[in-house]
$ cat target11.txt   # compact mmCIF, C-alpha atoms
# COMPACT_ATOMS: atom_id res chain seq x y z
CA MET A 158 -10.16 -17.34 20.56
CA LYS A 159 -7.64 -16.25 17.96
CA ASP A 160 -6.85 -13.75 15.24
CA PHE A 161 -6.97 -14.27 11.47
CA PRO A 162 -5.61 -17.57 10.09
CA GLU A 163 -1.81 -17.48 10.00
CA PRO A 164 -1.40 -16.83 6.22
CA VAL A 165 -3.75 -13.85 6.52
CA SER A 166 -1.99 -12.42 9.59
CA ARG A 167 1.37 -12.90 7.93
CA LEU A 168 0.38 -11.00 4.77
CA ILE A 169 -1.06 -8.18 6.90
CA ALA A 170 2.23 -8.05 8.84
CA GLU A 171 4.31 -8.02 5.63
CA LEU A 172 2.23 -5.23 4.10
CA LYS A 173 2.49 -3.13 7.27
CA GLU A 174 6.26 -3.02 6.71
CA LEU A 175 5.77 -1.04 3.49
CA PRO A 176 6.02 2.76 3.60
CA GLY A 177 2.70 4.54 4.10
CA ILE A 178 0.77 1.34 4.88
CA GLY A 179 -0.78 1.20 8.35
CA ALA A 180 -2.64 -1.62 10.07
CA LYS A 181 -6.01 -0.77 8.51
CA SER A 182 -4.64 -0.40 4.96
CA ALA A 183 -2.70 -3.66 5.31
CA GLN A 184 -5.90 -5.45 6.31
CA ARG A 185 -7.86 -3.84 3.48
CA ILE A 186 -5.25 -4.81 0.89
CA THR A 187 -5.06 -8.36 2.26
CA PHE A 188 -8.82 -8.86 1.92
CA HIS A 189 -8.67 -7.29 -1.53
CA ILE A 190 -6.07 -9.90 -2.50
CA LEU A 191 -8.20 -12.67 -0.96
CA ARG A 192 -11.13 -11.58 -3.12
CA ALA A 193 -8.97 -11.13 -6.25
CA SER A 194 -8.43 -13.94 -8.75
CA VAL A 195 -5.49 -16.29 -8.23
CA ASP A 196 -4.03 -14.87 -11.46
CA ASP A 197 -4.16 -11.27 -10.26
CA ALA A 198 -2.50 -12.17 -6.96
CA GLN A 199 0.10 -14.19 -8.84
CA HIS A 200 0.84 -11.22 -11.11
CA LEU A 201 1.47 -9.01 -8.09
CA ALA A 202 3.71 -11.60 -6.42
CA ARG A 203 5.64 -12.18 -9.65
CA ALA A 204 6.06 -8.42 -10.20
CA ILE A 205 7.71 -8.18 -6.77
CA GLN A 206 10.01 -11.12 -7.48
CA ASN A 207 10.75 -9.84 -10.98
CA VAL A 208 11.83 -6.43 -9.81
CA LYS A 209 14.36 -8.03 -7.46
CA GLU A 210 15.58 -10.53 -10.06
CA LYS A 211 15.85 -8.24 -13.05
CA ILE A 212 16.61 -4.78 -11.72
CA VAL A 213 20.20 -3.85 -10.92
CA SER A 214 21.99 -0.63 -10.19
CA CYS A 215 23.74 0.87 -13.23
CA SER A 216 27.50 0.51 -12.71
CA VAL A 217 28.06 3.98 -14.16
CA CYS A 218 25.25 6.19 -12.81
CA ASN A 219 23.56 3.95 -10.15
CA ASN A 220 20.13 4.36 -11.73
CA VAL A 221 17.78 1.37 -11.63
CA THR A 222 18.06 -0.65 -14.84
CA ASP A 223 17.38 -4.07 -16.28
CA ASP A 224 20.49 -3.78 -18.49
CA ASP A 225 23.87 -2.58 -17.22
CA PRO A 226 25.00 0.06 -18.14
CA CYS A 227 21.58 1.70 -18.26
CA ALA A 228 19.91 3.14 -21.35
CA TYR A 229 20.91 6.69 -20.36
CA CYS A 230 24.58 5.79 -19.95
CA SER A 231 24.83 3.64 -23.08
CA SER A 232 22.85 5.81 -25.51
CA PRO A 233 25.11 7.37 -28.16
CA ASP A 234 22.55 10.16 -28.58
CA ARG A 235 23.10 11.74 -25.20
CA ASN A 236 25.61 14.46 -24.44
CA SER A 237 28.48 13.02 -22.40
CA ARG A 238 29.82 16.47 -21.55
CA LEU A 239 26.85 17.09 -19.27
CA ILE A 240 25.98 15.18 -16.09
CA CYS A 241 22.85 15.82 -14.10
CA VAL A 242 23.19 14.71 -10.47
CA VAL A 243 20.03 13.60 -8.67
CA GLU A 244 19.26 11.98 -5.35
CA GLU A 245 17.06 9.03 -6.31
CA PRO A 246 16.11 7.05 -9.46
CA PRO A 247 12.58 8.52 -9.69
CA ASN A 248 14.19 11.97 -10.03
CA VAL A 249 15.63 10.85 -13.37
CA VAL A 250 12.11 10.16 -14.64
CA ALA A 251 10.97 13.59 -13.36
CA ILE A 252 13.71 15.28 -15.40
CA GLU A 253 13.15 13.10 -18.47
CA LYS A 254 9.53 14.20 -18.52
CA THR A 255 10.61 17.79 -19.26
CA HIS A 256 12.31 16.65 -22.51
CA GLU A 257 14.77 19.49 -21.73
CA PHE A 258 17.81 17.48 -20.78
CA LYS A 259 19.82 15.29 -23.15
CA GLY A 260 22.96 14.67 -21.07
CA ARG A 261 23.89 11.85 -18.72
CA TYR A 262 22.79 11.23 -15.15
CA HIS A 263 24.34 10.38 -11.83
CA VAL A 264 22.15 9.08 -9.01
CA LEU A 265 23.57 9.70 -5.53
CA MET A 266 21.12 7.27 -3.84
CA GLY A 267 20.28 9.77 -1.14
CA SER A 268 21.32 13.13 0.23
CA LEU A 269 23.52 14.28 3.09
CA SER A 270 21.53 13.99 6.30
CA PRO A 271 23.63 14.01 9.48
CA LEU A 272 20.49 13.50 11.58
CA SER A 273 19.76 10.22 9.79
CA GLY A 274 23.44 9.23 9.86
CA ILE A 275 23.89 9.73 6.13
CA GLY A 276 27.31 11.24 5.44
CA PRO A 277 29.28 11.50 2.17
CA GLU A 278 30.44 7.86 2.49
CA GLN A 279 26.84 6.62 2.24
CA LEU A 280 26.31 8.42 -1.07
CA LYS A 281 27.60 7.44 -4.53
CA ILE A 282 30.02 10.37 -4.69
CA ALA A 283 33.29 8.55 -5.49
CA GLY A 284 31.75 7.19 -8.69
CA LEU A 285 30.69 10.68 -9.70
CA LEU A 286 34.19 12.10 -9.17
CA SER A 287 35.74 9.25 -11.17
CA ARG A 288 33.53 10.20 -14.11
CA LEU A 289 35.02 13.70 -14.06
CA VAL A 290 38.76 12.91 -14.12
CA ASP A 291 39.19 12.27 -17.85
CA GLY A 292 38.13 15.85 -18.67
CA GLU A 293 35.26 14.91 -20.98
CA VAL A 294 32.58 16.33 -18.67
CA GLU A 295 32.23 20.08 -18.97
CA GLU A 296 29.31 20.73 -16.67
CA VAL A 297 27.70 19.06 -13.68
CA ILE A 298 24.12 20.11 -13.00
CA LEU A 299 23.21 19.61 -9.35
CA ALA A 300 19.53 18.62 -9.34
CA THR A 301 19.29 17.45 -5.75
CA ASN A 302 16.04 18.38 -4.00
CA PRO A 303 15.62 22.06 -3.04
CA ASN A 304 15.33 21.24 0.67
CA VAL A 305 17.88 21.36 3.50
CA GLU A 306 19.51 18.00 2.75
CA GLY A 307 19.56 18.46 -1.03
CA GLU A 308 20.99 21.95 -0.69
CA ALA A 309 23.68 20.75 1.73
CA THR A 310 24.51 17.96 -0.70
CA ALA A 311 24.73 20.40 -3.62
CA ILE A 312 27.05 22.73 -1.70
CA TYR A 313 29.21 19.79 -0.60
CA LEU A 314 29.47 18.45 -4.16
CA SER A 315 30.21 21.86 -5.69
CA ARG A 316 33.21 22.22 -3.34
CA LEU A 317 34.52 18.84 -4.47
CA ILE A 318 33.89 19.31 -8.19
CA LYS A 319 34.92 22.91 -8.85
CA PRO A 320 38.61 22.27 -8.07
CA LEU A 321 38.56 19.68 -10.88
CA GLY A 322 37.95 22.50 -13.36
CA VAL A 323 34.40 21.37 -14.14
CA LYS A 324 31.61 23.94 -14.31
CA VAL A 325 29.04 23.31 -11.57
CA THR A 326 25.47 24.56 -11.82
CA ARG A 327 22.46 24.24 -9.57
CA ILE A 328 18.88 23.95 -10.81
CA ALA A 329 16.90 27.12 -10.17
CA MET A 330 14.55 27.45 -7.25
CA GLY A 331 11.61 27.44 -9.60
CA ILE A 332 10.56 24.39 -7.65
CA PRO A 333 8.74 25.36 -4.47
CA VAL A 334 11.28 25.33 -1.62
CA GLY A 335 10.60 22.61 0.95
CA SER A 336 8.93 20.45 -1.64
CA GLU A 337 10.53 17.56 -3.53
CA LEU A 338 11.49 17.12 -7.18
CA ASP A 339 9.07 14.24 -7.67
CA TYR A 340 6.12 16.36 -6.71
CA ALA A 341 6.79 19.23 -9.12
CA ASP A 342 5.07 19.29 -12.49
CA GLU A 343 7.27 18.94 -15.57
CA VAL A 344 6.98 22.59 -16.60
CA THR A 345 8.31 23.66 -13.21
CA VAL A 346 11.13 21.11 -13.40
CA GLY A 347 11.86 22.37 -16.92
CA LYS A 348 11.99 25.97 -15.71
CA ALA A 349 14.33 24.92 -12.94
CA LEU A 350 16.69 23.29 -15.47
CA GLU A 351 16.52 26.27 -17.81
CA GLY A 352 17.17 28.79 -15.00
CA ARG A 353 20.22 27.02 -13.51
CA ARG A 354 22.93 29.34 -12.22
CA GLU A 355 26.68 28.92 -11.81
CA TYR A 356 27.74 28.07 -8.30
CA MET B 20 13.57 8.86 -23.64
CA LYS B 21 11.53 6.41 -21.60
CA ASP B 22 10.01 5.67 -18.25
CA PHE B 23 11.29 3.27 -15.58
CA PRO B 24 12.62 -0.13 -16.73
CA GLU B 25 9.72 -2.46 -17.50
CA PRO B 26 9.86 -4.56 -14.28
CA VAL B 27 9.76 -1.34 -12.21
CA SER B 28 6.83 0.13 -14.20
CA ARG B 29 4.99 -3.16 -13.96
CA LEU B 30 5.30 -3.36 -10.17
CA ILE B 31 4.15 0.26 -9.86
CA ALA B 32 1.14 -0.58 -12.07
CA GLU B 33 0.32 -3.70 -10.04
CA LEU B 34 0.51 -1.82 -6.73
CA LYS B 35 -1.71 0.98 -8.06
CA GLU B 36 -4.49 -1.62 -8.43
CA LEU B 37 -4.58 -2.12 -4.67
CA PRO B 38 -7.15 -0.20 -2.62
CA GLY B 39 -5.89 3.09 -1.17
CA ILE B 40 -2.63 3.03 -3.19
CA GLY B 41 -2.17 5.91 -5.62
CA ALA B 42 0.58 6.56 -8.17
CA LYS B 43 2.97 8.17 -5.68
CA SER B 44 2.50 5.49 -3.02
CA ALA B 45 2.97 2.77 -5.62
CA GLN B 46 6.26 4.35 -6.69
CA ARG B 47 7.40 4.80 -3.09
CA ILE B 48 6.61 1.17 -2.24
CA THR B 49 8.35 -0.05 -5.42
CA PHE B 50 11.57 1.77 -4.55
CA HIS B 51 11.27 0.56 -0.97
CA ILE B 52 11.14 -3.00 -2.34
CA LEU B 53 14.10 -2.28 -4.64
CA ARG B 54 16.12 -1.14 -1.63
CA ALA B 55 14.95 -4.04 0.56
CA SER B 56 16.87 -7.32 0.77
CA VAL B 57 15.99 -10.09 -1.69
CA ASP B 58 14.77 -12.12 1.31
CA ASP B 59 12.36 -9.42 2.49
CA ALA B 60 10.91 -9.02 -1.00
CA GLN B 61 10.64 -12.80 -1.31
CA HIS B 62 8.77 -12.99 2.02
CA LEU B 63 6.24 -10.45 0.79
CA ALA B 64 5.76 -12.26 -2.54
CA ARG B 65 5.43 -15.62 -0.78
CA ALA B 66 2.92 -14.18 1.71
CA ILE B 67 0.74 -13.09 -1.22
CA GLN B 68 0.98 -16.50 -2.89
CA ASN B 69 0.44 -18.30 0.42
CA VAL B 70 -2.74 -16.47 1.22
CA LYS B 71 -4.21 -17.53 -2.11
CA GLU B 72 -2.99 -21.13 -1.79
CA LYS B 73 -3.91 -21.80 1.84
CA ILE B 74 -6.93 -19.65 2.61
CA VAL B 75 -10.40 -20.88 1.73
CA SER B 76 -13.88 -19.82 2.62
CA CYS B 77 -15.42 -21.81 5.48
CA SER B 78 -18.17 -23.99 3.99
CA VAL B 79 -20.40 -23.27 6.99
CA CYS B 80 -19.94 -19.57 7.84
CA ASN B 81 -17.89 -18.22 4.85
CA ASN B 82 -15.19 -16.80 7.13
CA VAL B 83 -11.59 -16.98 5.87
CA THR B 84 -9.84 -20.08 7.14
CA ASP B 85 -6.89 -22.38 6.47
CA ASP B 86 -8.92 -25.36 7.69
CA ASP B 87 -12.52 -26.06 6.59
CA PRO B 88 -14.77 -25.83 8.59
CA CYS B 89 -13.16 -22.91 10.41
CA ALA B 90 -12.09 -22.89 14.04
CA TYR B 91 -15.24 -20.99 15.08
CA CYS B 92 -17.55 -23.48 13.39
CA SER B 93 -15.71 -26.61 14.56
CA SER B 94 -15.00 -25.62 18.16
CA PRO B 95 -17.07 -27.70 20.65
CA ASP B 96 -16.75 -24.86 23.19
CA ARG B 97 -18.91 -22.38 21.30
CA ASN B 98 -22.65 -21.97 21.70
CA SER B 99 -24.40 -23.32 18.59
CA ARG B 100 -27.70 -21.75 19.61
CA LEU B 101 -26.38 -18.29 18.85
CA ILE B 102 -25.26 -16.96 15.42
CA CYS B 103 -23.72 -13.53 14.95
CA VAL B 104 -24.13 -12.26 11.37
CA VAL B 105 -21.44 -9.88 10.06
CA GLU B 106 -20.61 -8.39 6.65
CA GLU B 107 -16.92 -9.24 6.26
CA PRO B 108 -14.29 -11.55 7.82
CA PRO B 109 -12.48 -8.69 9.65
CA ASN B 110 -15.74 -7.99 11.54
CA VAL B 111 -15.38 -11.42 13.18
CA VAL B 112 -12.01 -10.37 14.60
CA ALA B 113 -13.52 -7.08 15.83
CA ILE B 114 -16.18 -9.00 17.75
CA GLU B 115 -13.73 -11.64 19.04
CA LYS B 116 -11.63 -8.85 20.57
CA THR B 117 -14.50 -8.04 22.95
CA HIS B 118 -14.33 -11.57 24.47
CA GLU B 119 -18.08 -11.12 24.99
CA PHE B 120 -19.40 -13.48 22.34
CA LYS B 121 -19.05 -17.25 22.47
CA GLY B 122 -21.52 -18.27 19.77
CA ARG B 123 -21.02 -19.05 16.07
CA TYR B 124 -20.63 -16.63 13.15
CA HIS B 125 -22.04 -16.14 9.68
CA VAL B 126 -20.21 -13.90 7.21
CA LEU B 127 -22.44 -12.43 4.48
CA MET B 128 -19.48 -11.30 2.33
CA GLY B 129 -20.94 -7.85 1.82
CA SER B 130 -24.08 -5.87 2.41
CA LEU B 131 -27.09 -4.95 0.28
CA SER B 132 -26.13 -2.07 -1.99
CA PRO B 133 -28.42 -1.54 -4.99
CA LEU B 134 -26.18 1.31 -6.22
CA SER B 135 -23.22 -1.08 -6.48
CA GLY B 136 -25.42 -3.81 -7.93
CA ILE B 137 -25.25 -5.95 -4.81
CA GLY B 138 -28.60 -7.63 -4.18
CA PRO B 139 -29.53 -10.55 -1.91
CA GLU B 140 -28.27 -13.09 -4.49
CA GLN B 141 -24.73 -11.71 -4.17
CA LEU B 142 -24.70 -12.29 -0.39
CA LYS B 143 -24.32 -15.58 1.50
CA ILE B 144 -27.91 -15.55 2.72
CA ALA B 145 -29.08 -18.99 1.58
CA GLY B 146 -26.36 -20.62 3.69
CA LEU B 147 -27.50 -18.65 6.73
CA LEU B 148 -31.13 -19.72 6.31
CA SER B 149 -30.11 -23.37 5.90
CA ARG B 150 -28.36 -23.15 9.29
CA LEU B 151 -31.64 -22.14 10.91
CA VAL B 152 -33.95 -24.90 9.66
CA ASP B 153 -33.07 -27.65 12.15
CA GLY B 154 -34.30 -25.53 15.06
CA GLU B 155 -31.03 -25.59 17.02
CA VAL B 156 -30.38 -21.86 16.61
CA GLU B 157 -32.35 -19.73 19.07
CA GLU B 158 -31.03 -16.25 18.32
CA VAL B 159 -29.47 -14.47 15.36
CA ILE B 160 -27.57 -11.29 16.23
CA LEU B 161 -27.38 -8.92 13.26
CA ALA B 162 -24.01 -7.18 13.53
CA THR B 163 -23.89 -5.62 10.07
CA ASN B 164 -22.44 -2.09 9.97
CA PRO B 165 -24.64 0.72 11.34
CA ASN B 166 -24.72 2.53 7.97
CA VAL B 167 -27.33 2.65 5.21
CA GLU B 168 -26.26 -0.62 3.56
CA GLY B 169 -25.76 -2.52 6.81
CA GLU B 170 -29.08 -1.30 8.16
CA ALA B 171 -30.92 -2.28 4.96
CA THR B 172 -29.28 -5.71 5.13
CA ALA B 173 -30.30 -6.15 8.77
CA ILE B 174 -33.92 -5.23 8.03
CA TYR B 175 -33.99 -7.56 5.01
CA LEU B 176 -32.58 -10.48 7.03
CA SER B 177 -34.89 -9.93 9.99
CA ARG B 178 -37.89 -10.24 7.68
CA LEU B 179 -36.54 -13.55 6.35
CA ILE B 180 -35.53 -15.00 9.70
CA LYS B 181 -38.38 -14.02 12.06
CA PRO B 182 -40.95 -16.24 10.24
CA LEU B 183 -38.65 -19.21 11.00
CA GLY B 184 -39.39 -18.69 14.70
CA VAL B 185 -35.84 -17.58 15.48
CA LYS B 186 -35.24 -14.54 17.70
CA VAL B 187 -33.52 -11.75 15.77
CA THR B 188 -31.57 -8.98 17.52
CA ARG B 189 -29.58 -6.01 16.25
CA ILE B 190 -26.41 -4.64 17.88
CA ALA B 191 -26.95 -1.32 19.66
CA MET B 192 -26.21 1.97 17.93
CA GLY B 193 -25.17 4.86 20.12
CA ILE B 194 -22.34 7.07 21.30
CA PRO B 195 -18.95 5.29 21.19
CA VAL B 196 -17.46 4.69 24.63
CA GLY B 197 -14.81 7.29 25.48
CA SER B 198 -16.28 9.72 22.94
CA GLU B 199 -18.30 12.84 23.68
CA LEU B 200 -21.90 13.65 22.92
CA ASP B 201 -20.83 16.85 21.14
CA TYR B 202 -18.82 14.94 18.55
CA ALA B 203 -21.56 12.49 17.61
CA ASP B 204 -23.85 13.27 14.66
CA GLU B 205 -27.54 13.82 15.30
CA VAL B 206 -28.59 10.46 13.87
CA THR B 207 -26.28 8.68 16.32
CA VAL B 208 -27.48 10.77 19.25
CA GLY B 209 -31.04 10.01 18.15
CA LYS B 210 -30.26 6.26 18.10
CA ALA B 211 -28.64 6.54 21.52
CA LEU B 212 -31.75 8.20 22.95
CA GLU B 213 -34.05 5.71 21.28
CA GLY B 214 -32.05 2.76 22.58
CA ARG B 215 -31.81 4.05 26.16
CA ARG B 216 -31.98 1.48 28.92
CA GLU B 217 -33.20 1.76 32.49
CA TYR B 218 -30.42 2.14 35.06
$ encode --input "target11.txt" --output "structure tokens"
Amino acid sequence: MKDFPEPVSRLIAELKELPGIGAKSAQRITFHILRASVDDAQHLARAIQNVKEKIVSCSVCNNVTDDDPCAYCSSPDRNSRLICVVEEPPNVVAIEKTHEFKGRYHVLMGSLSPLSGIGPEQLKIAGLLSRLVDGEVEEVILATNPNVEGEATAIYLSRLIKPLGVKVTRIAMGIPVGSELDYADEVTVGKALEGRREY
Amino acid sequence: MKDFPEPVSRLIAELKELPGIGAKSAQRITFHILRASVDDAQHLARAIQNVKEKIVSCSVCNNVTDDDPCAYCSSPDRNSRLICVVEEPPNVVAIEKTHEFKGRYHVLMGSLSPLSGIGPEQLKIAGLLSRLVDGEVEEVILATNPNVEGEATAIYLSRLIKPLGVKVTRIAMGIPVGSELDYADEVTVGKALEGRREY
């Protein structure tokens, strides 16, 4: 005969496109939504639409924000002489959780990965360099992930930034090598910040 | 400082409510959606809304459908003397894939589970019995899951249905095709022995 009714098949197909969701999970989630109240389903759908409508990339640091420039870039309480460079927006939250860092951020939106075709042009590097030309920034902390790509990115950036007369530091390998920033607990991330060394 | 912007936190929270999605997956999916095109996100949101707007429960068999009664119940090509009882709508698709069954279905919308507070009143049993009173149905195949709850449900239903003079059968339990005897648990091997058939 046939498969599920078209709206059911379509939702299963849409969910399968999401990272970490296979065919069985997509089906389970779809039937969960079918059993849920109309309001609950509507809240989920609206949350998806909302995030696309309201969230933009900060024009200064590229972090996700509902107000450009973002709260980190516009806060007068943060130290503008210090920029912490991270790969992705969730990394900012990981560092904030340590309560150890009160400077600004710069989100690269990725890391150098020749195998995936991600070179320097695909990363938000030009914007970072433009933030360093007026001489206000004294130190750039490279907090890219302590894996191959993050390390390559850190080395690449340090070679670009040092000639500008800006101190460049790298977070310490207190974070387990091969892991990712997001997965480390805040004490470990704090130790890594505290133990940074000059490149 | 603070967490993610509110629309981001909200989507993460909504996704965490879905079965099998933890905090990390919810965050990963949220940032996947943030990176996706507005169209792709809109398709996902619309698919969720669509499924709630267009899908109803078949008034005869309780299966999910966009047209009541469902295609299985309204098709003149299916054998009305045979009803296959399953727990959930996806089970119907699992049976359809065999191309072996051309009768009707009845979806119980669950199985007996006293520990989860699911008794006979929570299942679509009354509707099943009402389909058996006119004497057209000759056989009810109980295809509930071969686990404790499914087995209890099958036994409960057989006791209700047999007095109506309708033949009640249970799907065979045994070693899955393509599997090996060594990998099956002893209860399954026991069921396979018990259900042996003459060659």
$ interface_residues --input "target11.txt" --of "chain B" --to "chain A" --cutoff "8 Å" --atoms "only C-alpha atoms" --output "PyMOL selection string"
chain B and resi 20-27+29-30+33-34+37-39+44+47-48+51-53+57+60-71+73-74+83-85+112+115
$ closest_residue --input "target11.txt" --among "A:Asp225, A:Val242, A:Thr255, A:Val264" --to "Thr326 in chain A" --atoms "all atoms listed in the file"
A:Val242
$ atom_distance --input "target11.txt" --atom1 "CA of Asn219 in chain A" --atom2 "CA of Gly267 in chain A"
11.2 Å
$ calpha_fit_rmsd --input "target11.txt" --fixed "chain B" --moving "chain A"
5.4 Å
$ atom_distance --input "target11.txt" --atom1 "CA of Asp204 in chain B" --atom2 "CA of Arg178 in chain B"
28.3 Å
$ atom_distance --input "target11.txt" --atom1 "CA of Ile240 in chain A" --atom2 "CA of Ile298 in chain A"
6.1 Å
